[in-house]
Every structure is written in structure tokens, then in C-alpha cells.
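A.B. asks: So here's protein_5.txt, just compact mmCIF, C-alpha atoms:
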```
# COMPACT_ATOMS: atom_id res chain seq x y z
CA MET B 1 20.70 -53.56 -8.53
CA SER B 2 23.26 -55.52 -6.53
CA ALA B 3 21.17 -58.16 -4.75
CA VAL B 4 18.19 -60.41 -5.40
CA THR B 5 15.87 -62.56 -3.26
CA LEU B 6 14.79 -66.03 -4.33
CA VAL B 7 11.77 -67.49 -2.50
CA ASP B 8 11.41 -71.28 -2.50
CA LEU B 9 7.84 -72.45 -3.09
CA THR B 10 8.92 -76.00 -3.93
CA HIS B 11 8.88 -79.05 -1.65
CA ALA B 12 5.51 -77.97 -0.27
CA CYS B 13 3.21 -80.50 1.34
CA SER B 14 1.54 -82.78 -1.17
CA SER B 15 -1.94 -82.39 0.29
CA GLN B 16 -3.49 -78.96 -0.17
CA HIS B 17 -0.35 -77.92 -2.07
CA ASP B 18 -1.63 -74.51 -3.12
CA ILE B 19 -2.64 -73.61 0.43
CA CYS B 20 0.90 -74.42 1.58
CA VAL B 21 2.31 -72.20 -1.18
CA LYS B 22 0.04 -69.31 -0.22
CA LYS B 23 1.05 -69.65 3.42
CA ARG B 24 4.70 -69.41 2.44
CA ILE B 25 4.06 -66.30 0.37
CA SER B 26 2.08 -64.69 3.18
CA LYS B 27 4.76 -65.48 5.74
CA PHE B 28 7.50 -64.08 3.54
CA ARG B 29 5.42 -60.95 2.89
CA ALA B 30 4.85 -60.40 6.60
CA LEU B 31 8.48 -60.91 7.59
CA ALA B 32 10.04 -59.08 4.64
CA GLY B 33 8.02 -55.94 5.13
CA ASN B 34 7.53 -53.07 2.68
CA GLY B 35 10.03 -50.82 1.02
CA SER B 36 12.49 -53.37 -0.32
CA GLN B 37 14.03 -52.33 -3.61
CA GLU B 38 15.53 -55.72 -4.34
CA PRO B 39 14.00 -57.85 -7.11
CA VAL B 40 12.16 -60.97 -5.94
CA PHE B 41 11.91 -64.32 -7.71
CA PHE B 42 9.70 -67.28 -6.78
CA ILE B 43 10.47 -70.86 -7.72
CA ALA B 44 7.31 -72.97 -7.87
CA ASP B 45 6.70 -76.64 -8.54
CA PRO B 46 5.41 -77.27 -12.08
CA GLU B 47 2.55 -79.28 -10.49
CA SER B 48 1.32 -76.25 -8.54
CA SER B 49 -1.35 -73.91 -9.86
CA VAL B 50 0.85 -70.82 -9.50
CA GLY B 51 0.51 -68.88 -12.71
CA THR B 52 -2.80 -70.54 -13.66
CA ASP B 53 -6.38 -69.30 -13.41
CA ARG B 54 -6.65 -70.78 -9.92
CA PHE B 55 -3.58 -68.94 -8.69
CA PRO B 56 -2.68 -66.23 -11.22
CA ARG B 57 0.52 -64.21 -11.08
CA SER B 58 -1.62 -61.14 -10.40
CA SER B 59 -2.28 -62.61 -6.95
CA LEU B 60 1.42 -62.44 -6.23
CA GLN B 61 1.59 -58.86 -7.42
CA GLU B 62 -1.23 -57.86 -5.09
CA MET B 63 0.51 -59.53 -2.15
CA PHE B 64 3.74 -57.63 -2.78
CA ILE B 65 2.61 -54.05 -3.20
CA GLY B 66 5.47 -51.91 -1.98
CA LEU B 67 8.23 -54.00 -3.42
CA SER B 68 10.22 -52.74 -6.38
CA GLY B 69 8.64 -54.04 -9.58
CA SER B 70 6.64 -57.25 -9.85
CA PRO B 71 7.77 -60.59 -8.45
CA LYS B 72 8.94 -63.01 -11.11
CA VAL B 73 7.64 -66.56 -11.00
CA LEU B 74 9.81 -69.41 -12.27
CA CYS B 75 7.60 -72.45 -12.81
CA LYS B 76 9.69 -74.76 -14.99
CA SER B 77 9.79 -78.47 -15.78
CA SER B 78 12.50 -79.07 -13.16
CA LEU B 79 14.42 -77.30 -10.42
CA SER B 80 17.45 -77.33 -12.72
CA ALA B 81 15.50 -75.49 -15.43
CA ALA B 82 14.15 -72.95 -12.94
CA LEU B 83 17.55 -72.21 -11.39
CA TYR B 84 19.19 -71.96 -14.81
CA SER B 85 16.58 -69.36 -15.83
CA PHE B 86 17.17 -67.56 -12.54
CA LYS B 87 20.94 -67.50 -13.16
CA GLN B 88 20.44 -66.13 -16.67
CA ALA B 89 18.18 -63.36 -15.31
CA ILE B 90 20.62 -62.19 -12.62
CA ASP B 91 23.62 -62.47 -14.96
CA GLU B 92 21.85 -60.19 -17.41
CA GLU B 93 21.59 -57.58 -14.65
CA ASP B 94 25.12 -58.35 -13.35
CA ILE B 95 23.79 -59.32 -9.91
CA SER B 96 25.97 -61.59 -7.80
CA ASN B 97 24.45 -61.33 -4.30
CA VAL B 98 21.64 -63.85 -3.76
CA LYS B 99 19.41 -64.35 -0.72
CA ILE B 100 17.45 -67.60 -0.73
CA VAL B 101 14.38 -67.87 1.50
CA THR B 102 13.50 -71.51 2.07
CA SER B 103 13.00 -74.32 4.59
CA SER B 104 15.76 -76.27 6.31
CA ARG B 105 15.31 -79.12 3.82
CA GLY B 106 15.21 -76.72 0.90
CA ARG B 107 18.45 -75.13 2.03
CA GLY B 108 20.27 -78.45 1.66
CA VAL B 109 18.87 -78.95 -1.84
CA PHE B 110 19.69 -75.42 -2.99
CA GLN B 111 23.22 -75.65 -1.61
CA VAL B 112 23.81 -78.67 -3.85
CA TYR B 113 22.68 -76.69 -6.90
CA GLN B 114 24.76 -73.72 -5.76
CA GLN B 115 27.88 -75.88 -6.03
CA LEU B 116 26.86 -77.24 -9.44
CA LEU B 117 25.47 -74.21 -11.22
CA PHE B 118 27.21 -71.23 -9.61
CA THR B 119 30.78 -70.27 -8.68
CA SER B 120 32.56 -68.25 -6.00
CA ALA B 121 31.78 -65.15 -8.04
CA TYR B 122 28.33 -65.27 -6.41
CA ASN B 123 27.55 -64.62 -2.75
CA PHE B 124 24.74 -66.70 -1.23
CA GLU B 125 22.83 -66.07 1.98
CA TYR B 126 20.21 -68.53 3.24
CA SER B 127 17.23 -67.58 5.37
CA VAL B 128 15.24 -70.49 6.84
CA MET B 129 11.84 -68.83 7.05
CA PHE B 130 9.53 -71.79 6.42
CA ASP B 131 8.87 -75.02 8.25
CA SER B 132 10.04 -78.14 6.48
CA LEU B 133 6.89 -79.54 4.92
CA SER B 134 8.30 -82.96 4.13
CA ARG B 135 10.29 -85.42 6.19
CA ASP B 136 11.44 -87.29 3.12
CA CYS B 137 14.97 -85.91 3.11
CA CYS B 138 17.38 -87.94 1.01
CA PRO B 139 20.97 -88.45 2.20
CA SER B 140 23.31 -85.68 1.06
CA GLY B 141 25.19 -87.98 -1.33
CA GLN B 142 22.01 -89.19 -2.97
CA CYS B 143 20.66 -85.63 -3.20
CA THR B 144 23.86 -84.53 -4.95
CA ALA B 145 23.74 -87.45 -7.37
CA ASP B 146 20.09 -86.77 -8.21
CA ALA B 147 20.78 -83.06 -8.78
CA GLU B 148 23.81 -83.80 -10.97
CA ARG B 149 21.78 -86.20 -13.06
CA GLU B 150 18.84 -83.82 -13.46
CA LEU B 151 21.05 -80.83 -14.28
CA SER B 152 23.16 -82.80 -16.75
CA THR B 153 20.04 -83.98 -18.58
CA PHE B 154 18.70 -80.43 -18.74
CA LEU B 155 21.97 -78.95 -20.04
CA GLN B 156 22.29 -81.64 -22.71
CA HIS B 157 19.06 -80.42 -24.28
CA LEU B 158 20.09 -76.75 -24.51
CA PRO B 159 20.79 -75.45 -28.03
CA ALA B 160 24.36 -74.67 -29.07
CA LEU B 161 25.32 -70.99 -29.27
CA LYS B 162 27.37 -69.18 -31.94
CA GLY B 163 27.16 -72.05 -34.43
CA ASP B 164 28.58 -75.55 -34.46
CA ILE B 165 31.72 -76.91 -32.82
CA THR B 166 34.80 -76.34 -34.96
CA ILE B 167 38.00 -78.32 -34.36
CA LEU B 168 41.30 -77.26 -35.91
CA ARG B 169 43.68 -80.08 -36.81
CA SER B 170 47.19 -80.43 -38.23
CA SER B 171 48.16 -82.60 -41.20
CA LEU B 172 51.55 -83.20 -39.57
CA VAL B 173 50.07 -85.35 -36.80
CA SER B 174 50.03 -89.09 -37.54
CA ASP B 175 46.70 -90.91 -37.81
CA CYS B 176 47.65 -93.04 -34.83
CA PHE B 177 46.82 -90.01 -32.67
CA GLY B 178 43.60 -88.14 -32.10
CA HIS B 179 44.09 -84.41 -31.66
CA GLY B 180 42.71 -80.94 -32.20
CA PHE B 181 42.31 -77.36 -31.05
CA SER B 182 38.90 -76.08 -29.99
CA THR B 183 37.43 -72.71 -30.95
CA ARG B 184 34.75 -70.76 -29.07
CA THR B 185 31.68 -71.91 -31.04
CA GLY B 186 29.16 -74.66 -30.37
CA GLY B 187 28.88 -74.62 -26.56
CA ILE B 188 26.19 -73.43 -24.15
CA SER B 189 28.03 -70.71 -22.17
CA TYR B 190 25.99 -67.54 -22.62
CA ILE B 191 27.99 -64.80 -20.82
CA SER B 192 29.49 -62.68 -23.59
CA THR B 193 33.22 -63.14 -22.89
CA LEU B 194 32.72 -66.86 -22.10
CA SER B 195 30.37 -67.69 -24.96
CA SER B 196 30.09 -70.31 -25.99
CA LEU B 197 32.49 -73.30 -25.78
CA ASN B 198 34.36 -72.23 -22.65
CA LEU B 199 36.35 -75.22 -21.37
CA PHE B 200 37.66 -74.08 -18.00
CA CYS B 201 35.79 -73.31 -14.80
CA ASN B 202 37.49 -70.50 -12.92
CA PRO B 203 35.77 -69.91 -9.55
CA ARG B 204 36.20 -66.16 -9.99
CA ARG B 205 34.15 -66.19 -13.19
CA LYS B 206 30.50 -67.03 -13.73
CA ASP B 207 30.65 -70.20 -15.82
CA SER B 208 29.90 -73.15 -13.54
CA ARG B 209 31.58 -76.54 -13.60
CA ALA B 210 28.32 -78.16 -14.79
CA VAL B 211 28.20 -75.88 -17.84
CA VAL B 212 31.89 -76.42 -18.61
CA ALA B 213 31.39 -80.18 -18.23
CA GLU B 214 28.57 -80.05 -20.79
CA ASN B 215 30.78 -78.06 -23.17
CA LEU B 216 33.49 -80.70 -22.79
CA ARG B 217 30.98 -83.50 -23.38
CA ARG B 218 29.91 -81.88 -26.64
CA LEU B 219 33.52 -81.37 -27.74
CA GLY B 220 34.29 -85.01 -26.93
CA LEU B 221 31.37 -86.22 -29.03
CA GLN B 222 32.65 -84.19 -31.96
CA ALA B 223 36.33 -85.07 -31.50
CA GLY B 224 35.92 -88.73 -30.60
CA PHE B 225 36.95 -88.93 -26.92
CA HIS B 226 35.14 -89.56 -23.64
CA PRO B 227 35.29 -86.85 -20.95
CA GLN B 228 36.14 -89.43 -18.28
CA GLN B 229 39.51 -89.92 -20.01
CA PHE B 230 40.19 -86.17 -20.15
CA ASN B 231 43.08 -84.56 -18.22
CA LEU B 232 43.73 -80.80 -18.27
CA ILE B 233 47.00 -79.18 -17.26
CA LYS B 234 47.03 -77.31 -13.92
CA CYS B 235 48.78 -74.14 -15.00
CA ASN B 236 51.22 -72.06 -13.03
CA HIS B 237 53.01 -70.24 -15.90
CA ALA B 238 56.20 -72.15 -15.15
CA SER B 239 58.11 -75.17 -16.53
CA ASP B 240 57.10 -78.18 -14.42
CA VAL B 241 56.09 -81.29 -16.38
CA TRP B 242 53.97 -84.14 -15.03
CA VAL B 243 54.70 -87.65 -16.26
CA MET B 244 51.35 -89.38 -15.98
CA GLY B 245 51.57 -92.41 -13.72
CA LYS B 246 53.94 -90.67 -11.32
CA PRO B 247 52.79 -88.49 -8.39
CA ALA B 248 51.39 -85.25 -9.76
CA PRO B 249 52.79 -81.91 -8.58
CA ASP B 250 50.38 -79.27 -7.33
CA SER B 251 50.75 -77.42 -10.61
CA TYR B 252 52.36 -78.16 -13.94
CA ASP B 253 52.42 -76.57 -17.39
CA GLY B 254 53.49 -79.70 -19.24
CA MET B 255 52.13 -83.25 -19.29
CA VAL B 256 53.38 -86.39 -21.07
CA THR B 257 52.15 -89.98 -21.37
CA ASN B 258 52.38 -93.16 -23.41
CA GLN B 259 49.04 -94.54 -22.17
CA VAL B 260 46.60 -95.45 -24.93
CA GLY B 261 43.24 -93.70 -24.84
CA VAL B 262 44.16 -91.10 -22.23
CA VAL B 263 43.34 -87.59 -23.42
CA ILE B 264 45.71 -84.84 -22.29
CA ALA B 265 45.03 -81.18 -22.92
CA ALA B 266 46.50 -77.71 -22.49
CA PRO B 267 44.42 -74.53 -22.10
CA GLY B 268 44.91 -71.28 -23.95
CA ALA B 269 43.45 -67.81 -24.16
CA ASP B 270 46.43 -65.97 -25.71
CA CYS B 271 48.93 -68.43 -24.21
CA MET B 272 49.94 -71.22 -26.59
CA PRO B 273 48.57 -74.75 -26.23
CA LEU B 274 51.37 -76.94 -27.58
CA LEU B 275 50.84 -80.53 -28.79
CA PHE B 276 53.71 -83.03 -29.09
CA THR B 277 53.42 -86.41 -30.81
CA ASP B 278 56.02 -89.12 -31.42
CA PRO B 279 54.72 -91.78 -33.82
CA VAL B 280 57.88 -93.89 -33.36
CA ALA B 281 57.91 -94.19 -29.55
CA LYS B 282 54.11 -93.82 -29.41
CA ALA B 283 54.26 -91.01 -26.85
CA ILE B 284 52.51 -87.67 -26.54
CA GLY B 285 52.80 -84.43 -24.61
CA VAL B 286 51.02 -81.12 -24.15
CA ALA B 287 52.21 -77.80 -22.76
CA HIS B 288 50.70 -74.48 -21.77
CA ALA B 289 53.14 -71.78 -22.85
CA GLY B 290 52.62 -68.13 -22.04
CA TRP B 291 55.41 -65.63 -22.24
CA LYS B 292 56.73 -66.55 -18.80
CA GLY B 293 56.64 -70.29 -19.53
CA THR B 294 58.31 -69.68 -22.88
CA LEU B 295 61.24 -67.90 -21.24
CA MET B 296 61.41 -70.65 -18.58
CA GLY B 297 61.64 -73.32 -21.29
CA ILE B 298 58.36 -75.23 -20.93
CA ALA B 299 58.38 -76.38 -24.58
CA MET B 300 61.75 -78.14 -24.37
CA ALA B 301 61.03 -79.33 -20.83
CA THR B 302 58.08 -81.27 -22.30
CA VAL B 303 60.25 -82.64 -25.12
CA ASN B 304 62.95 -83.66 -22.64
CA ALA B 305 60.39 -85.50 -20.51
CA MET B 306 59.30 -87.51 -23.56
CA VAL B 307 62.95 -88.31 -24.30
CA SER B 308 63.86 -89.38 -20.76
CA GLU B 309 60.64 -91.24 -19.93
CA PHE B 310 59.67 -92.91 -23.20
CA GLY B 311 62.85 -93.03 -25.26
CA SER B 312 61.67 -90.45 -27.80
CA ARG B 313 64.17 -88.82 -30.13
CA PRO B 314 63.73 -85.09 -30.77
CA ALA B 315 64.02 -85.73 -34.51
CA ASP B 316 60.89 -87.93 -34.36
CA ILE B 317 58.73 -85.51 -32.39
CA VAL B 318 56.12 -83.33 -34.09
CA CYS B 319 55.03 -80.11 -32.39
CA VAL B 320 51.91 -78.15 -33.28
CA ILE B 321 51.59 -74.62 -31.88
CA GLY B 322 47.97 -73.79 -31.19
CA PRO B 323 46.13 -70.47 -31.52
CA SER B 324 47.67 -67.71 -29.40
CA VAL B 325 48.07 -63.96 -29.30
CA GLY B 326 50.26 -62.63 -32.09
CA PRO B 327 52.90 -59.89 -32.08
CA CYS B 328 50.28 -57.61 -33.59
CA CYS B 329 48.45 -57.49 -30.24
CA PHE B 330 50.94 -58.58 -27.56
CA THR B 331 53.39 -56.24 -25.85
CA LEU B 332 55.67 -56.51 -22.83
CA GLU B 333 57.73 -54.22 -20.65
CA GLN B 334 61.21 -53.45 -21.95
CA ASP B 335 63.07 -55.83 -19.61
CA SER B 336 60.93 -58.84 -20.51
CA ALA B 337 60.92 -57.97 -24.21
CA ARG B 338 64.71 -57.89 -24.23
CA GLU B 339 64.78 -61.47 -22.96
CA PHE B 340 62.88 -62.45 -26.09
CA HIS B 341 65.20 -60.27 -28.16
CA ALA B 342 68.09 -62.27 -26.73
CA ILE B 343 66.49 -65.48 -28.07
CA HIS B 344 66.38 -63.89 -31.52
CA PRO B 345 65.94 -60.27 -32.68
CA ASP B 346 63.04 -61.35 -34.93
CA CYS B 347 61.00 -62.21 -31.81
CA VAL B 348 60.56 -58.51 -30.99
CA ARG B 349 59.25 -55.54 -32.92
CA HIS B 350 59.94 -51.89 -31.97
CA ILE B 351 62.54 -52.88 -29.39
CA ASP B 352 63.18 -49.26 -28.43
CA SER B 353 59.55 -48.48 -27.59
CA SER B 354 58.30 -48.49 -23.99
CA ARG B 355 56.31 -51.68 -24.67
CA PRO B 356 57.73 -53.63 -27.61
CA ASN B 357 55.61 -56.14 -29.52
CA VAL B 358 56.65 -59.73 -28.84
CA ASP B 359 56.18 -62.89 -30.92
CA ILE B 360 55.95 -65.80 -28.47
CA ARG B 361 55.23 -68.30 -31.27
CA HIS B 362 58.41 -67.45 -33.15
CA ALA B 363 60.43 -67.69 -29.94
CA THR B 364 58.94 -71.14 -29.28
CA ARG B 365 59.82 -72.34 -32.78
CA ILE B 366 63.43 -71.17 -32.40
CA LEU B 367 63.82 -72.83 -28.99
CA LEU B 368 62.37 -76.10 -30.30
CA GLU B 369 64.68 -76.12 -33.33
CA ARG B 370 67.68 -75.48 -31.09
CA GLY B 371 66.54 -78.44 -28.99
CA GLY B 372 66.62 -80.81 -31.95
CA ILE B 373 63.07 -80.65 -33.31
CA LYS B 374 63.16 -80.57 -37.10
CA PRO B 375 61.84 -77.31 -38.61
CA GLU B 376 59.50 -79.29 -40.86
CA HIS B 377 58.05 -80.99 -37.76
CA ILE B 378 56.86 -77.70 -36.25
CA GLU B 379 53.59 -76.14 -37.38
CA ASP B 380 51.67 -73.02 -36.43
CA ILE B 381 48.03 -74.04 -36.66
CA ARG B 382 46.21 -72.08 -39.34
CA ILE B 383 42.84 -71.86 -41.06
CA LYS B 384 44.24 -70.42 -44.27
CA SER B 385 47.72 -71.18 -45.49
CA ASP B 386 48.73 -67.54 -45.37
CA SER B 387 47.12 -66.61 -42.06
CA THR B 388 48.59 -67.40 -38.62
CA LEU B 389 45.87 -67.24 -36.01
CA CYS B 390 45.98 -64.43 -33.44
CA THR B 391 43.42 -65.05 -30.69
CA SER B 392 42.99 -61.34 -29.98
CA CYS B 393 42.33 -60.50 -33.65
CA HIS B 394 39.62 -63.16 -34.09
CA PRO B 395 36.81 -62.63 -31.55
CA GLU B 396 34.47 -64.77 -33.64
CA LEU B 397 36.77 -67.77 -33.22
CA PHE B 398 38.75 -67.46 -29.99
CA PHE B 399 38.75 -66.30 -26.41
CA SER B 400 41.43 -63.76 -25.48
CA HIS B 401 42.67 -62.38 -22.18
CA VAL B 402 44.37 -59.47 -23.96
CA ARG B 403 41.13 -58.50 -25.68
CA ASP B 404 38.47 -59.44 -23.12
CA GLY B 405 40.13 -58.72 -19.77
CA LEU B 406 39.86 -60.88 -16.65
CA ASP B 407 36.53 -62.53 -17.53
CA PHE B 408 37.93 -64.44 -20.49
CA GLY B 409 37.02 -67.93 -21.67
CA THR B 410 39.37 -70.78 -22.48
CA GLN B 411 39.98 -72.92 -25.55
CA ILE B 412 42.20 -76.01 -25.48
CA GLY B 413 44.56 -78.18 -27.47
CA PHE B 414 44.15 -81.91 -26.89
CA VAL B 415 45.75 -85.17 -28.02
CA TRP B 416 45.52 -88.90 -27.30
CA ILE B 417 47.01 -92.17 -28.54
CA LYS B 418 44.41 -94.19 -30.40
```
Take the structure I supplied and represent it as C-alpha cells, if you would.
C.D. replies:
Amino acid sequence: MSAVTLVDLTHACSSQHDICVKKRISKFRALAGNGSQEPVFFIADPESSVGTDRFPRSSLQEMFIGLSGSPKVLCKSSLSAALYSFKQAIDEEDISNVKIVTSSRGRGVFQVYQQLLFTSAYNFEYSVMFDSLSRDCCPSGQCTADAERELSTFLQHLPALKGDITILRSSLVSDCFGHGFSTRTGGISYISTLSSLNLFCNPRRKDSRAVVAENLRRLGLQAGFHPQQFNLIKCNHASDVWVMGKPAPDSYDGMVTNQVGVVIAAPGADCMPLLFTDPVAKAIGVAHAGWKGTLMGIAMATVNAMVSEFGSRPADIVCVIGPSVGPCCFTLEQDSAREFHAIHPDCVRHIDSSRPNVDIRHATRILLERGGIKPEHIEDIRIKSDSTLCTSCHPELFFSHVRDGLDFGTQIGFVWIK
């Protein structure tokens, strides 16, 4: 199945509500015709009698003889709850093409929820088949605000998946900073490769910005920061660094600040989230370092920005390297691998193979030490003292592009000045 039809039975007239609902069903049945193989869902108001003895679901089934299967009725406590259940149902069947049959007023409401709960991975088509049964149409801004509030409240009450939120921290970081690295547990994202604490909304994937915002809210509660103070790097796998307070470039893989209470964060899903703290100058930085950014020098570019902007000394800066793919699972073409070999031979294994294994963490450590960071001020984040964390090797803990393909989730490293 590649498409689904959603019929809007909400926003019906308040008087003789059930008659209005039946008229909508009858009109849809007459216009849709027989022979459709697409699944059909109905969204009904919780106040209606759809699904009760007065208007049982069997009545719907009788009205839709000829359609594939039985129509599914979503009669939830709110429109947010109904649409969330609808999204779960079509995601389970890997359906991304949605036709919504509604009124002109309903179309405006559903388009708001489309922006909040879905992404560009879904294709929506609207068919205005019903008359608008209410003239009480709120302004678009108010409608959006009401939908955001309702959806946020609903998502906050969903149970966490895959256990509780776990935050990895480093003992090297001074207590004057808050910091941590997220894992994949404790969020509400339910799609397998994004479950459950996915912290980045990619429009090509199926985790919406509302769900990611709820995941971030839960992480903030656990870590001690407010999402309104949260700033995530806009990656381009390069070496640009944004100094907060100055005009921001379109993309940047490093970010530095000396502002108290501002949370800065770097994403990772095999790439390294790097955290930099200077307890002397009271400055912080973060960087997103994949193999390209590592070769382009993003780690030292972030350090240099702290030095030039805030008077930091490399000898005072602490760097924590977050979870990333290890040399056990990461390979590159010969030409790129030899660039890492030129940094240090220990950064590459099996250099003569067609795709040598590359250690981007070791390369980062060497480049930082050459730039003046003390070896004892650099730490690979670990759970056990003898185990460096490879994101690809630990599916229970981390998201991984190498392991999961294009539909991967994102964990982050974050830091702020208390």
C-alpha cells in the first residue's frame, strides 16, 4: 500500500451533530465510488456517537462495501491524539502519500498539524468535499498557537521508549559548566532507526519537529537546561565557526560563546560531537567533526576562535570527544585514508586495502595536541574505563549512519556556562 485516505468528520455542526457526520460519510461514499484499494481512516470528534451503540462502527463498514478492508475510526480525546495515532498507523505500513478529505475550514486546521507532526517525507493532497459547517474560523496565527499547545500537551504525556534518559559526562569538565552527551534512550520517537531520543528533525525523515522538540524538552529537564536557551550547530561538514553575538553564517560546524546560561550543542551519529571548556577565561565551544571536518581542521578552528575572541589559552582548554564511529566500523577510500595516514600512521589500519579503516578520534587527539591542548586535557568519553564508545557497535545506546543508513537518528553533545 502506497497511499491512504483520511476523512475529516470533525468540526461538524453542533446541532444534530450525528446527522452532519452521516451526511459527510454518505457524500464521501457517493463521490469516492467503489473499487478503491486504498485504506480509509475517519477522524471523529470524541463528543460524537461514532463507535457507540447509536452509531456503531459496523454502520461505517456497511456504507463502504467495495473498499479494501474496513474503514478505521479514530475517535480520540483530541485532534492531536487522533492524528498521532494516524501517523503511527501509516508509518507501520510505510505509507507516505496521504489524501485528506475535509471542508475548507478543516483544510486550514489540518495543514497546521501537517507542519507540526509530519515532514517533507510525506506527500499531502487535500480534497475539499464538504461544506464548512462552522463560520467560527480562528485567525491562522491563533489556530497555529492552539494546535502547538494541544500537541505539546499530548506529547508530554506519552511514555518514554527504550528506558530512561542517560547522559554521559566527563570528570575533566569543571563544575562551573553544565555538559553532557545524550544517548538514544528515553525519548518518544517510535520509528526504529530514530527511536527514541532523536534530537534532530531532518525534513527527509519521518520524525517531526514537534516530536524532536519534546525529546529536547525531556533531555533539558534531565540535564538542567531550558530548551529556549538551546542552540544547535548548522552542519556543513566543513570548518566554519560561529562566534555567538556576531552575524551567523548560513552553516557552521563550530560554535563558541562566553555568554552565561546559553546552551550550545553539536550533533553526532558517527561524526564526533566535540565539547571545549575553558574554566579560566570562562568560555565554551562545540564542534561537529566528521572525517571531512577533521581533515579541514574544525577542532583547532574552534580552539582558535576561543583564543582570538575570549583570550583563552590552549593550555587551559579541556576537550571531550563524544561518541562516534570507531576504526572497527569506519572505512574510507584510499585517497582519503592516506590523508589521515599523513596525520599519523596510527590513524589508519590496513593502509594497503581498498578501503582502509580510519580512526577519526585518534586523528582529532593528535591535531589538538599539536595545537597546544594538553594530552591530559583531552578525553574520549567512555562508559567503562577500558571501552571507547563506537556508535556503530552499540545499537542499544547510539544512533549510527554507518549502521542504520540514511534514516538515522541524532544524539548530541551540549555544554553551557552556569
A.B. asks: Rounded to one decimal place, report the CA of Met129 in chain B-CA of Thr10 in chain B distance in Å.
C.D. replies: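 Answer for the CA of Met129 in chain B to CA of Thr10 in chain B separation: 13.4 Å.
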A.B. asks: Identify the residues within 12 Å of coordinate (34.7, -63.1, -35.1) (same frame as the file), considering only C-alpha atoms, and give the answer as number ranges by chain.
C.D. replies: B: 162-163, 183-185, 195, 389-400
A.B. asks: Residues of the last selection are to be written out with C-alpha atoms, as a CSV table (one decimal), keeping the file's coordinate frame.
C.D. replies:
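So the final result, stored in out_32.csv, reads:
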```csv
chain,number,residue,atom,x,y,z
B,162,LYS,CA,27.4,-69.2,-31.9
B,163,GLY,CA,27.2,-72.0,-34.4
B,183,THR,CA,37.4,-72.7,-31.0
B,184,ARG,CA,34.8,-70.8,-29.1
B,185,THR,CA,31.7,-71.9,-31.0
B,195,SER,CA,30.4,-67.7,-25.0
B,389,LEU,CA,45.9,-67.2,-36.0
B,390,CYS,CA,46.0,-64.4,-33.4
B,391,THR,CA,43.4,-65.0,-30.7
B,392,SER,CA,43.0,-61.3,-30.0
B,393,CYS,CA,42.3,-60.5,-33.6
B,394,HIS,CA,39.6,-63.2,-34.1
B,395,PRO,CA,36.8,-62.6,-31.6
B,396,GLU,CA,34.5,-64.8,-33.6
B,397,LEU,CA,36.8,-67.8,-33.2
B,398,PHE,CA,38.8,-67.5,-30.0
B,399,PHE,CA,38.8,-66.3,-26.4
B,400,SER,CA,41.4,-63.8,-25.5
```
A.B. asks: Nearest residue to Ala89 in chain B out of B:Phe124, B:Tyr190, B:Tyr113, B:Phe225, using all atoms listed in the file?
C.D. replies: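 Answer, going by the shortest atom-to-atom distance: B:Tyr190.
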A.B. asks: Using all atoms listed in the file, which of B:Val318, B:Ala160, B:Ile378, B:Ala210 sits nearest Phe118 in chain B?
C.D. replies: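 Of B:Val318, B:Ala160, B:Ile378, B:Ala210, the one nearest Phe118 in chain B, counting all atoms listed in the file, is B:Ala210.
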A.B. asks: For Asp250 in chain B, which residue among B:Lys234, B:His401, B:Lys418, B:Arg204 is the nearest when counting all atoms listed in the file?
C.D. replies: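 Nearest candidate to Asp250 in chain B out of B:Lys234, B:His401, B:Lys418, B:Arg204: B:Lys234.
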A.B. asks: Check the smallest atom-to-atom distance from each of B:Ser308, B:Ser127, B:Gln88, B:Thr277 to Phe110 in chain B using all atoms listed in the file, then report the winner.
C.D. replies: B:Ser127
A.B. asks: I'd like to know which of B:Leu172, B:Val348, B:Leu197, B:Val128 is closest to Val101 in chain B, using only C-alpha atoms.
C.D. replies: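 For Val101 in chain B, the nearest of the candidates is B:Val128.
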A.B. asks: Please measure the separation of CA of Asp359 in chain B and CA of Ile373 in chain B, giving the value in Å to one decimal.
C.D. replies: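 If I compute the distance from CA of Asp359 in chain B to CA of Ile373 in chain B, I get 19.2 Å.
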A.B. asks: Do you have the CA of Glu376 in chain B-CA of Gln411 in chain B distance handy?
C.D. replies: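 Interatomic distance here is 25.6 Å.
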